[in-house]
Amino acid sequence: MHQAIAFRIAFVAAGDRGDAEEAVQDGFVKAFRALGRFRDGAPFRPWLLQIVANEARNRRRSSGRRAGLALRAVAAASGDAAPSPEAAALSHERRDELLAALGSLDERDRAVLAHRFLLDLGEEETAAALGVRRGTVKSRTARALERLRATLGEEEP
Amino acid sequence: MSRVESELRGLASFVEWPDTPDVATVVAARIAAPPARRRAPRRLGLVLALVLLALAVALAVPPARSAILDWLGIGSARIERVDELPPLQLIAPVELLGEPTTLDDARRRAGFPVAPPPRGEAAPDGVRVVDGRRVSYVWLDGDRIRLLITQVPGLLQRGTILGKLIPPSVTIERFDVDGDGAVFLSGGPHAVYLLGPSGSFEEDHGWLAGNTLLVDHGGATLRIEGQVDRERAVELAREMG
């Protein structure tokens, strides 16, 4: 199902639950009506996610709200599967620290990291959702990671 | 991967996202609802009519990652394999098949060679026409459509494309009927929409279809839809030849 990923992308872009929900609805309806413009052979999901993300950004702009990402960490890892080694290695304090550092980044940096790491999207889908080229996703990710490390007071690896 | 990247990946499992709302129902209703903006009255040759039929079936969407796996075309129909169907709900007033008329009148107004109804079937309960675009024969069972046979002009002739989105639950069989290319779709509902000459999605509705045979015959594409198996559908197509 595309609903969950579409909603989260919209939430990152809109910064508001209600706007994200409306963006997903509008985006799905638009996508359905625009099926004829969909390029044969192109992957479907990035196309759909791009439409939804655009809707969400437009909503945020028209609301005049500053982009923000109000995410919190839960106490236990989500999902039924055993936590990944990466998840298991994170202390409670470290999670909060990372989220706070992410939240302090500017909109572009935060968005690219949220798409690539928190939503686990590939470069192509991230590029579609952010409305940028794939190369831009690469360079923006690298810069955003540097700034995140700087915010955390950590050195380059 | 650097430490911070690895930590961000780990963080993903702990992020508390707002619950995903169920948008499918609303989206389906909006797609099915008449558009807020009324279109100009339909004019000859300008309008691509759409919605032929809808079955009151709630759409079960198989969860799957999404990519178009395959598409193939036949006549004026384009068939795409998709991992899941767009959310869509059904509308189906018979009126949307076009104006009721007589067989002779429909043939005159079609603008492309129209085959007669199959010899082995009773006379259709209705003949419908959308000028220059489509002729449909409808057989009813009570107020349900039991069998629907639609003919649309060939792609080169009119530029109209009948699009079909096929989820994994539907089997696509390709073969030929007396030398004409044919496709039989069965096993579950698929989505149908119409494209205009510019390739854009011209109307606001799609619909769900059951078992369907498409045959590219001469200047027209024949579409037979109903509770028929492949053998019966092919028989019907032959009875129209």
# chains A, B, ... in the order shown; residues from 1 in each chain; ligands from 1
>>> residues_around(residues="stretch 104-112 of chain A", least_positions_apart="6", cutoff="12 Å", atoms="only C-alpha atoms", output="PyMOL selection string")
(chain A and resi 8-15+53+57+66-71+97-98+118-132+134+136-152) or (chain B and resi 8)
>>> residues_around(residues="B:Leu147", least_positions_apart="4", cutoff="6 Å", atoms="only C-alpha atoms", output="ChimeraX atom specification")
/B:139,225-226
>>> atom_distance(atom1="atom CA of B:Val82", atom2="atom CA of B:Thr212")
17.1 Å
>>> residues_around(residues="stretch 114-125 of chain B", least_positions_apart="3", cutoff="8 Å", atoms="only C-alpha atoms", output="PDB file with C-alpha atoms, in the first residue's frame")
ATOM      1  CA  ARG B 107     -23.911   2.251 -37.068  1.00  0.00           C
ATOM      2  CA  ALA B 110     -20.266   5.484 -35.102  1.00  0.00           C
ATOM      3  CA  VAL B 135     -21.123   1.647 -29.836  1.00  0.00           C
ATOM      4  CA  TYR B 137     -24.656  -3.571 -26.907  1.00  0.00           C
ATOM      5  CA  VAL B 138     -26.046  -4.198 -23.456  1.00  0.00           C
ATOM      6  CA  TRP B 139     -27.747  -7.304 -22.096  1.00  0.00           C
ATOM      7  CA  LEU B 140     -29.411  -6.985 -18.733  1.00  0.00           C
ATOM      8  CA  GLN B 151     -16.720  -1.381 -30.096  1.00  0.00           C
ATOM      9  CA  ALA B 220     -12.215  -1.328 -34.537  1.00  0.00           C
ATOM     10  CA  LEU B 236     -19.298 -14.315 -29.103  1.00  0.00           C
ATOM     11  CA  ALA B 237     -16.564 -12.462 -31.009  1.00  0.00           C
ATOM     12  CA  ARG B 238     -16.760 -14.984 -33.856  1.00  0.00           C
ATOM     13  CA  GLU B 239     -20.532 -14.693 -33.979  1.00  0.00           C
ATOM     14  CA  MET B 240     -20.079 -11.013 -34.704  1.00  0.00           C
ATOM     15  CA  GLY B 241     -17.675 -11.583 -37.596  1.00  0.00           C
TER      16      GLY B 241
END
>>> atom_distance(atom1="atom CA of B:Pro100", atom2="atom CA of B:Thr221")
20.6 Å
>>> residues_around(residues="A:Leu90", least_positions_apart="5", cutoff="8 Å", atoms="only C-alpha atoms", output="number ranges by chain")
A: 95; B: 7, 10-11
>>> select_by_dssp(residues="chain A", states="helix (DSSP H, G or I)", output="ChimeraX atom specification")
/A:3-14,17-33,35-37,44-63,85-88,92-104,107-118,123-130,134-152
>>> closest_residue(among="A:Gln50, A:Asn58, A:Ser84, A:Ser91", to="chain B", atoms="only C-alpha atoms")
A:Ser84
>>> closest_residue(among="B:Arg3, B:Leu213, B:Val23, B:Arg9", to="A:Ala6", atoms="only C-alpha atoms")
B:Val23
>>> atom_distance(atom1="atom CA of A:Leu48", atom2="atom CA of A:Arg65")
24.4 Å
>>> closest_residue(among="A:Arg94, A:Phe44, A:Glu154, A:Ala114", to="chain B", atoms="only C-alpha atoms")
A:Phe44
